[in-house]
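The structure appears below as structure tokens.
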Amino acid sequence: MIDPLYVASGFGVGLLVGLTGVGGGSLMTPLLILLFGIHPTTAVGTDLLYAAATKTGGSVVHGWSRSVHWPAVLRLACGSIPASALTLLVLWKLDLRGDAERNLVNLVLCFALVLTATSLIFRKSIMERYRRRMEQVDERTTVIATVVTGIVLGVLVSISSVGAGAVGVTVLLLLYPRLPMATIVGSDIAHAVPLTLVAGIGHWMLGSVDWALMGVLLLGSLPGIIIGSYSATRVPETVLRVALASVLVVVAGKIMFTELNLQSAIVTALAWSH
């Protein structure tokens with residue numbers, strides 16, 4: 001039996017990804033954890049493969065519209081793909097189980113959500129302050145900075161499935177100030193495809209992917225991201241950014257609050273047992 005709530009969630013998140021290049025992991029992973037009670041690691045693994053599929057749809061649309069800057073995509077991937085593989089190797093070697101695994105995912109997820117919200121809210125002021133300066137940066141520095149950005153995104157996305165959207169878009173805007181916004185979003189989505197695919201396959205090998213859940217989410221999200229990608233130029237960007245950032249801050253606070261409550265309950269239980 002297909003749960004219409006999962007399909008609706010997939011459609012809503014897909015629509016946001018298409019409109020803004022943001023919202024995939026930053027909304028779907030917390031949604032799966034908080035609303036549907038999915039284990040954080042399974043939520044991350046499932047969301048990564050789900051994101052790879054949805055963002056393939058979005059990148060095809062952007063590629064068709066010629067709004068992808070392929071050199072930037074390749075540079076990001078040169079950093080993010082090896083970083084993702086290395087991060088997953090470390091996670092496999094650590095062999096975290098139960099609470100330790102959940103704590104790590106929730107902690108990195110909260111950090112990534114706050115970072116995403118910050119980049120959404122302060123993007124305009126960051127651009128006004130640094131854009132002119134970044135226009136004078138030489139090509140070699142831009143290439144190195146793009147690869148380093150890819151490395152950071154590779155680590156963040158592999159653990160939390162969050163970061164490739166708003167953070168990637170903000171950094172690309174700074175590093176490639178002459179590119180139009182549609183090309184920045186298209187390039188960010190195109191880069192997210194190989195990154196989420198590699199990280200998702202890694203999580204699948206670690207046993208943290210729910211295939212049935214992913215299938216249901218895709219039913220809603222693929223139409224959502226195609227509609228969103230076509231509508232990207234017709235929606236006021238500032239309204240979307242502020243609304244999305246507000247949701248992310250609330251979600252990060254909720255996850256942290258739940259985590260702290262759980263920790264205090266464990267400490268109390270241990271104290272009572274002694």
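How things are named: the first chain in the structure tokens is A, the next is B, and so on; residues count from 1 in each chain; ligands count from 1 in the order shown.
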
All helix (DSSP H, G or I) residues (DSSP, backbone) inside stretch 13-212 of chain A, as a ChimeraX atom specification:
/A:13-20,24-34,40-64,70-94,98-121,123-135,139-160,166-175,181-205,211-212

Report as a Markdown table the residues of stretch 26-114 of chain A within 6 Å of stretch 202-224 of chain A, each with its shortest atom pair and distance in Å (one decimal), using only C-alpha atoms, ordered by chain and increasing residue number.
```
| residue | atom | partner | partner_atom | distance |
| --- | --- | --- | --- | --- |
| A:Thr42 | CA | A:Ser208 | CA | 4.5 |
| A:Gly45 | CA | A:Val209 | CA | 5.0 |
| A:Thr46 | CA | A:Val209 | CA | 4.6 |
| A:Tyr50 | CA | A:Met214 | CA | 5.8 |
| A:Thr54 | CA | A:Leu222 | CA | 5.6 |
```

Using only N, CA and C atoms, please write the residues we just selected to a file, as a PDB file, in the first residue's frame.
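What ended up in out-v4.pdb:
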```
ATOM      1  N   THR A  42      19.500   5.463   8.098  1.00  0.00           N
ATOM      2  CA  THR A  42      18.668   4.971   6.988  1.00  0.00           C
ATOM      3  C   THR A  42      18.076   6.155   6.218  1.00  0.00           C
ATOM      4  N   GLY A  45      20.963   7.572   4.017  1.00  0.00           N
ATOM      5  CA  GLY A  45      21.265   6.676   2.895  1.00  0.00           C
ATOM      6  C   GLY A  45      20.173   6.676   1.840  1.00  0.00           C
ATOM      7  N   THR A  46      18.905   6.594   2.296  1.00  0.00           N
ATOM      8  CA  THR A  46      17.764   6.582   1.375  1.00  0.00           C
ATOM      9  C   THR A  46      17.652   7.922   0.649  1.00  0.00           C
ATOM     10  N   TYR A  50      17.741   8.861  -3.354  1.00  0.00           N
ATOM     11  CA  TYR A  50      16.548   9.587  -3.801  1.00  0.00           C
ATOM     12  C   TYR A  50      16.965  10.910  -4.468  1.00  0.00           C
ATOM     13  N   THR A  54      16.302  12.357  -8.270  1.00  0.00           N
ATOM     14  CA  THR A  54      15.544  13.596  -8.511  1.00  0.00           C
ATOM     15  C   THR A  54      16.416  14.656  -9.174  1.00  0.00           C
TER      16      THR A  54
END
```

May I have the residues within 7 Å of stretch 130-139 of chain A as a PyMOL selection string, using only C-alpha atoms and disregarding those fewer than 4 positions away in the same chain?
chain A and resi 126+143+174-175+177

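Look at A:Leu48: the protein and nucleic acid residues within 8 Å of it, using only C-alpha atoms and passing over chain neighbours fewer than 2 places away, are Gly25, Val44, Gly45, Thr46, Tyr50, Ala51, Ala52, Ser161, Thr196, Leu197, Ala199 and Gly200 of chain A.
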
Between atom CA of A:Asn106 and atom CA of A:Ile189 lies a distance of 24.1 Å

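Using only C-alpha atoms, the residues found no farther than 6 Å from stretch 64-71 of chain A, other than those of its own chain fewer than 2 positions away, are Val60, Val61, His62, Val73, Leu74, Thr183, Gly186 and Ser187 of chain A.
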
Using only N, CA and C atoms, please write the residues we just selected to a file, as an mmCIF file, in the first residue's frame.
```
data_model
loop_
_atom_site.group_PDB
_atom_site.id
_atom_site.type_symbol
_atom_site.label_atom_id
_atom_site.label_comp_id
_atom_site.auth_asym_id
_atom_site.auth_seq_id
_atom_site.Cartn_x
_atom_site.Cartn_y
_atom_site.Cartn_z
ATOM 1 N N VAL A 60 18.969 17.376 -16.123
ATOM 2 C CA VAL A 60 18.628 17.190 -17.538
ATOM 3 C C VAL A 60 17.900 18.436 -18.066
ATOM 4 N N VAL A 61 16.953 18.941 -17.245
ATOM 5 C CA VAL A 61 16.203 20.150 -17.630
ATOM 6 C C VAL A 61 17.156 21.345 -17.770
ATOM 7 N N HIS A 62 18.044 21.519 -16.759
ATOM 8 C CA HIS A 62 19.005 22.640 -16.802
ATOM 9 C C HIS A 62 20.004 22.467 -17.951
ATOM 10 N N VAL A 73 31.379 22.294 -12.402
ATOM 11 C CA VAL A 73 30.851 20.985 -11.967
ATOM 12 C C VAL A 73 31.994 19.977 -11.840
ATOM 13 N N LEU A 74 32.876 19.936 -12.839
ATOM 14 C CA LEU A 74 34.005 18.995 -12.822
ATOM 15 C C LEU A 74 34.975 19.287 -11.677
ATOM 16 N N THR A 183 22.302 29.531 -14.094
ATOM 17 C CA THR A 183 23.457 28.672 -14.399
ATOM 18 C C THR A 183 24.109 28.166 -13.117
ATOM 19 N N GLY A 186 21.796 25.474 -11.841
ATOM 20 C CA GLY A 186 21.932 24.311 -12.727
ATOM 21 C C GLY A 186 23.234 23.569 -12.487
ATOM 22 N N SER A 187 24.330 24.303 -12.297
ATOM 23 C CA SER A 187 25.648 23.694 -12.047
ATOM 24 C C SER A 187 25.661 22.974 -10.700
#
```

Residue contacts of A:Val251 (12 Å, only C-alpha atoms) excluding same-chain residues fewer than 3 positions away, as a CSV table (one decimal) with N, CA, C and O atoms, in the first residue's frame:
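Wrote out_3.csv, looks like this:
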```csv
chain,number,residue,atom,x,y,z
A,26,SER,N,18.2,18.8,2.9
A,26,SER,CA,18.0,19.7,4.0
A,26,SER,C,16.5,19.6,4.5
A,26,SER,O,16.2,20.0,5.6
A,27,LEU,N,15.6,19.2,3.6
A,27,LEU,CA,14.2,19.0,4.1
A,27,LEU,C,13.8,17.5,4.2
A,27,LEU,O,13.2,17.1,5.1
A,28,MET,N,14.3,16.7,3.2
A,28,MET,CA,13.8,15.3,3.2
A,28,MET,C,14.4,14.5,4.3
A,28,MET,O,13.6,13.7,5.0
A,29,THR,N,15.7,14.6,4.6
A,29,THR,CA,16.3,13.8,5.7
A,29,THR,C,15.6,14.2,7.1
A,29,THR,O,15.2,13.3,7.8
A,30,PRO,N,15.5,15.5,7.5
A,30,PRO,CA,14.8,15.8,8.7
A,30,PRO,C,13.3,15.3,8.7
A,30,PRO,O,12.8,14.9,9.7
A,31,LEU,N,12.7,15.4,7.6
A,31,LEU,CA,11.3,15.0,7.4
A,31,LEU,C,11.2,13.5,7.7
A,31,LEU,O,10.3,13.1,8.5
A,32,LEU,N,12.1,12.7,7.2
A,32,LEU,CA,12.0,11.3,7.4
A,32,LEU,C,12.3,10.9,8.9
A,32,LEU,O,11.7,10.0,9.4
A,33,ILE,N,13.2,11.7,9.5
A,33,ILE,CA,13.6,11.4,10.9
A,33,ILE,C,12.5,11.9,11.8
A,33,ILE,O,12.0,11.1,12.7
A,34,LEU,N,12.0,13.1,11.7
A,34,LEU,CA,11.1,13.7,12.6
A,34,LEU,C,9.6,13.3,12.4
A,34,LEU,O,8.9,13.0,13.3
A,35,LEU,N,9.2,13.3,11.1
A,35,LEU,CA,7.8,13.0,10.8
A,35,LEU,C,7.5,11.6,10.7
A,35,LEU,O,6.5,11.1,11.2
A,106,ASN,N,23.0,13.0,13.6
A,106,ASN,CA,22.2,14.2,14.1
A,106,ASN,C,23.1,15.4,14.3
A,106,ASN,O,22.6,16.5,14.0
A,109,LEU,N,24.1,16.7,10.9
A,109,LEU,CA,22.9,17.2,10.3
A,109,LEU,C,22.5,18.6,10.8
A,109,LEU,O,22.2,19.5,10.0
A,110,CYS,N,22.5,18.8,12.1
A,110,CYS,CA,22.2,20.1,12.7
A,110,CYS,C,23.2,21.2,12.2
A,110,CYS,O,22.7,22.3,11.8
A,111,PHE,N,24.5,20.8,12.2
A,111,PHE,CA,25.5,21.8,11.7
A,111,PHE,C,25.2,22.2,10.2
A,111,PHE,O,25.2,23.3,9.9
A,112,ALA,N,24.9,21.1,9.4
A,112,ALA,CA,24.7,21.4,8.0
A,112,ALA,C,23.4,22.2,7.7
A,112,ALA,O,23.4,23.0,6.9
A,113,LEU,N,22.4,21.9,8.5
A,113,LEU,CA,21.1,22.7,8.4
A,113,LEU,C,21.3,24.2,8.8
A,113,LEU,O,20.8,25.1,8.1
A,114,VAL,N,22.1,24.4,9.9
A,114,VAL,CA,22.3,25.8,10.3
A,114,VAL,C,23.2,26.5,9.2
A,114,VAL,O,22.9,27.7,8.9
A,116,THR,N,23.4,25.8,6.1
A,116,THR,CA,22.5,26.0,4.9
A,116,THR,C,21.6,27.2,5.1
A,116,THR,O,21.5,28.1,4.2
A,117,ALA,N,21.0,27.3,6.3
A,117,ALA,CA,20.1,28.4,6.6
A,117,ALA,C,20.8,29.7,6.6
A,117,ALA,O,20.3,30.7,6.1
A,244,LEU,N,12.4,29.1,3.4
A,244,LEU,CA,13.2,27.8,3.6
A,244,LEU,C,14.2,27.9,4.7
A,244,LEU,O,14.3,26.9,5.5
A,245,ALA,N,14.9,29.0,4.9
A,245,ALA,CA,15.9,29.2,5.9
A,245,ALA,C,15.2,29.1,7.3
A,245,ALA,O,15.7,28.4,8.2
A,246,SER,N,14.0,29.7,7.4
A,246,SER,CA,13.3,29.6,8.7
A,246,SER,C,12.9,28.2,9.1
A,246,SER,O,13.1,27.8,10.2
A,247,VAL,N,12.4,27.5,8.1
A,247,VAL,CA,12.1,26.1,8.3
A,247,VAL,C,13.3,25.3,8.7
A,247,VAL,O,13.2,24.5,9.7
A,248,LEU,N,14.4,25.5,8.1
A,248,LEU,CA,15.7,24.7,8.4
A,248,LEU,C,16.2,25.0,9.8
A,248,LEU,O,16.6,24.1,10.5
A,254,LYS,N,14.8,21.5,16.5
A,254,LYS,CA,14.0,20.4,16.9
A,254,LYS,C,14.8,19.1,17.1
A,254,LYS,O,14.7,18.4,18.1
A,255,ILE,N,15.7,18.9,16.1
A,255,ILE,CA,16.6,17.7,16.1
A,255,ILE,C,17.5,17.8,17.3
A,255,ILE,O,17.7,16.8,18.1
A,256,MET,N,18.1,19.0,17.5
A,256,MET,CA,19.1,19.2,18.6
A,256,MET,C,18.4,19.0,20.0
A,256,MET,O,18.9,18.4,20.9
A,257,PHE,N,17.1,19.5,20.1
A,257,PHE,CA,16.4,19.4,21.3
A,257,PHE,C,16.1,18.0,21.6
A,257,PHE,O,16.2,17.5,22.8
A,258,THR,N,15.6,17.2,20.6
A,258,THR,CA,15.4,15.8,20.8
A,258,THR,C,16.6,15.0,21.2
A,258,THR,O,16.6,14.2,22.1
```

Give me the residues near A:Val198 as a compact mmCIF listing (two decimals) with all heavy atoms, in the first residue's frame, where near means some atom within 12 Å (using only C-alpha atoms) and where sequence neighbours in that chain fewer than 6 positions away do not count.
```
# COMPACT_ATOMS: atom_id res chain seq x y z
N GLY A 45 20.96 7.57 4.02
CA GLY A 45 21.26 6.68 2.90
C GLY A 45 20.17 6.68 1.84
O GLY A 45 20.44 6.78 0.63
N LEU A 48 20.00 10.08 -0.02
CA LEU A 48 21.09 10.30 -0.97
C LEU A 48 20.76 9.69 -2.34
O LEU A 48 20.93 10.34 -3.37
CB LEU A 48 22.40 9.71 -0.43
CG LEU A 48 23.09 10.56 0.65
CD1 LEU A 48 24.16 9.75 1.37
CD2 LEU A 48 23.69 11.83 0.06
N LEU A 49 20.26 8.45 -2.35
CA LEU A 49 19.91 7.82 -3.62
C LEU A 49 18.67 8.46 -4.23
O LEU A 49 18.57 8.62 -5.45
CB LEU A 49 19.71 6.31 -3.44
CG LEU A 49 21.02 5.52 -3.27
CD1 LEU A 49 20.73 4.05 -3.01
CD2 LEU A 49 21.92 5.66 -4.50
N ALA A 51 17.94 11.61 -3.84
CA ALA A 51 18.42 12.89 -4.37
C ALA A 51 19.13 12.69 -5.71
O ALA A 51 18.99 13.51 -6.62
CB ALA A 51 19.37 13.55 -3.37
N ALA A 52 19.90 11.61 -5.83
CA ALA A 52 20.60 11.33 -7.08
C ALA A 52 19.59 11.19 -8.23
O ALA A 52 19.80 11.73 -9.32
CB ALA A 52 21.42 10.05 -6.96
N ALA A 77 33.41 18.17 -8.42
CA ALA A 77 33.41 16.70 -8.36
C ALA A 77 34.80 16.14 -8.06
O ALA A 77 34.94 15.12 -7.37
CB ALA A 77 32.88 16.12 -9.66
N SER A 80 34.78 16.53 -4.30
CA SER A 80 33.71 15.89 -3.52
C SER A 80 33.68 14.38 -3.63
O SER A 80 33.40 13.69 -2.64
CB SER A 80 32.35 16.46 -3.94
OG SER A 80 32.04 16.12 -5.27
N ILE A 81 33.95 13.82 -4.81
CA ILE A 81 33.84 12.36 -4.99
C ILE A 81 34.89 11.62 -4.15
O ILE A 81 34.55 10.72 -3.38
CB ILE A 81 33.92 11.96 -6.49
CG1 ILE A 81 32.85 12.68 -7.31
CG2 ILE A 81 33.83 10.45 -6.65
CD1 ILE A 81 31.41 12.43 -6.91
N PRO A 82 36.21 11.99 -4.25
CA PRO A 82 37.19 11.32 -3.38
C PRO A 82 36.90 11.55 -1.88
O PRO A 82 37.06 10.63 -1.07
CB PRO A 82 38.53 11.98 -3.76
CG PRO A 82 38.30 12.58 -5.10
CD PRO A 82 36.86 12.97 -5.14
N ALA A 83 36.46 12.78 -1.52
CA ALA A 83 36.16 13.07 -0.11
C ALA A 83 35.00 12.23 0.39
O ALA A 83 35.02 11.73 1.53
CB ALA A 83 35.82 14.56 0.06
N SER A 84 34.00 12.03 -0.44
CA SER A 84 32.85 11.20 -0.09
C SER A 84 33.27 9.74 0.13
O SER A 84 32.90 9.11 1.13
CB SER A 84 31.79 11.27 -1.20
OG SER A 84 30.73 10.39 -0.92
N ALA A 85 34.07 9.22 -0.81
CA ALA A 85 34.54 7.83 -0.71
C ALA A 85 35.37 7.63 0.56
O ALA A 85 35.20 6.63 1.28
CB ALA A 85 35.37 7.48 -1.94
N LEU A 86 36.24 8.61 0.86
CA LEU A 86 37.09 8.52 2.05
C LEU A 86 36.25 8.60 3.34
O LEU A 86 36.49 7.84 4.29
CB LEU A 86 38.12 9.66 2.02
CG LEU A 86 39.31 9.54 2.97
CD1 LEU A 86 40.13 8.30 2.67
CD2 LEU A 86 40.20 10.78 2.89
N THR A 87 35.26 9.49 3.36
CA THR A 87 34.38 9.64 4.53
C THR A 87 33.63 8.34 4.81
O THR A 87 33.53 7.88 5.96
CB THR A 87 33.36 10.78 4.30
OG1 THR A 87 34.07 11.98 4.03
CG2 THR A 87 32.47 10.99 5.51
N LEU A 88 33.10 7.72 3.75
CA LEU A 88 32.36 6.47 3.90
C LEU A 88 33.27 5.33 4.36
O LEU A 88 32.86 4.48 5.15
CB LEU A 88 31.67 6.10 2.58
CG LEU A 88 30.49 7.02 2.23
CD1 LEU A 88 30.15 6.92 0.75
CD2 LEU A 88 29.27 6.69 3.07
N GLY A 154 31.63 17.11 0.03
CA GLY A 154 31.70 15.64 0.00
C GLY A 154 31.58 15.03 1.38
O GLY A 154 30.84 14.06 1.59
N VAL A 155 32.28 15.62 2.36
CA VAL A 155 32.22 15.13 3.74
C VAL A 155 30.84 15.37 4.35
O VAL A 155 30.22 14.46 4.92
CB VAL A 155 33.32 15.80 4.61
CG1 VAL A 155 33.19 15.37 6.08
CG2 VAL A 155 34.71 15.46 4.08
N VAL A 157 27.87 16.01 2.93
CA VAL A 157 26.78 15.29 2.26
C VAL A 157 26.82 13.79 2.59
O VAL A 157 25.79 13.17 2.80
CB VAL A 157 26.82 15.53 0.74
CG1 VAL A 157 25.87 14.60 -0.01
CG2 VAL A 157 26.47 16.98 0.43
N SER A 158 28.02 13.22 2.67
CA SER A 158 28.14 11.78 2.94
C SER A 158 27.64 11.40 4.33
O SER A 158 27.13 10.30 4.54
CB SER A 158 29.59 11.32 2.78
OG SER A 158 30.00 11.55 1.46
N SER A 161 23.70 14.06 4.27
CA SER A 161 22.96 14.26 3.00
C SER A 161 22.58 15.73 2.77
O SER A 161 21.84 16.05 1.85
CB SER A 161 21.72 13.36 2.90
OG SER A 161 20.61 13.89 3.59
N HIS A 191 26.23 18.97 -10.23
CA HIS A 191 27.30 18.41 -9.38
C HIS A 191 26.75 17.47 -8.33
O HIS A 191 27.38 16.47 -7.95
CB HIS A 191 28.08 19.54 -8.69
CG HIS A 191 28.87 19.07 -7.51
ND1 HIS A 191 28.57 19.43 -6.21
CD2 HIS A 191 29.93 18.22 -7.43
CE1 HIS A 191 29.41 18.83 -5.40
NE2 HIS A 191 30.24 18.10 -6.10
N ALA A 192 25.54 17.78 -7.84
CA ALA A 192 24.94 16.95 -6.77
C ALA A 192 24.63 15.54 -7.25
O ALA A 192 24.58 14.61 -6.44
CB ALA A 192 23.67 17.61 -6.24
N TRP A 204 24.40 2.30 0.75
CA TRP A 204 23.74 1.03 0.38
C TRP A 204 24.65 -0.14 0.76
O TRP A 204 24.20 -1.15 1.32
CB TRP A 204 23.45 1.05 -1.12
CG TRP A 204 22.91 -0.24 -1.68
CD1 TRP A 204 22.05 -1.11 -1.05
CD2 TRP A 204 23.19 -0.81 -2.95
NE1 TRP A 204 21.77 -2.17 -1.87
CE2 TRP A 204 22.46 -2.02 -3.05
CE3 TRP A 204 23.97 -0.41 -4.04
CZ2 TRP A 204 22.50 -2.83 -4.18
CZ3 TRP A 204 24.00 -1.21 -5.16
CH2 TRP A 204 23.27 -2.41 -5.22
N MET A 205 25.96 0.00 0.47
CA MET A 205 26.92 -1.06 0.82
C MET A 205 27.06 -1.22 2.34
O MET A 205 27.36 -2.30 2.83
CB MET A 205 28.28 -0.74 0.19
CG MET A 205 28.27 -0.90 -1.33
SD MET A 205 29.72 -0.21 -2.13
CE MET A 205 30.93 -1.46 -1.77
```

Quick one: of A:Leu19, A:Ile226, A:Arg140, A:Leu173, who's nearest to A:Val239, counting only C-alpha atoms?
A:Leu19
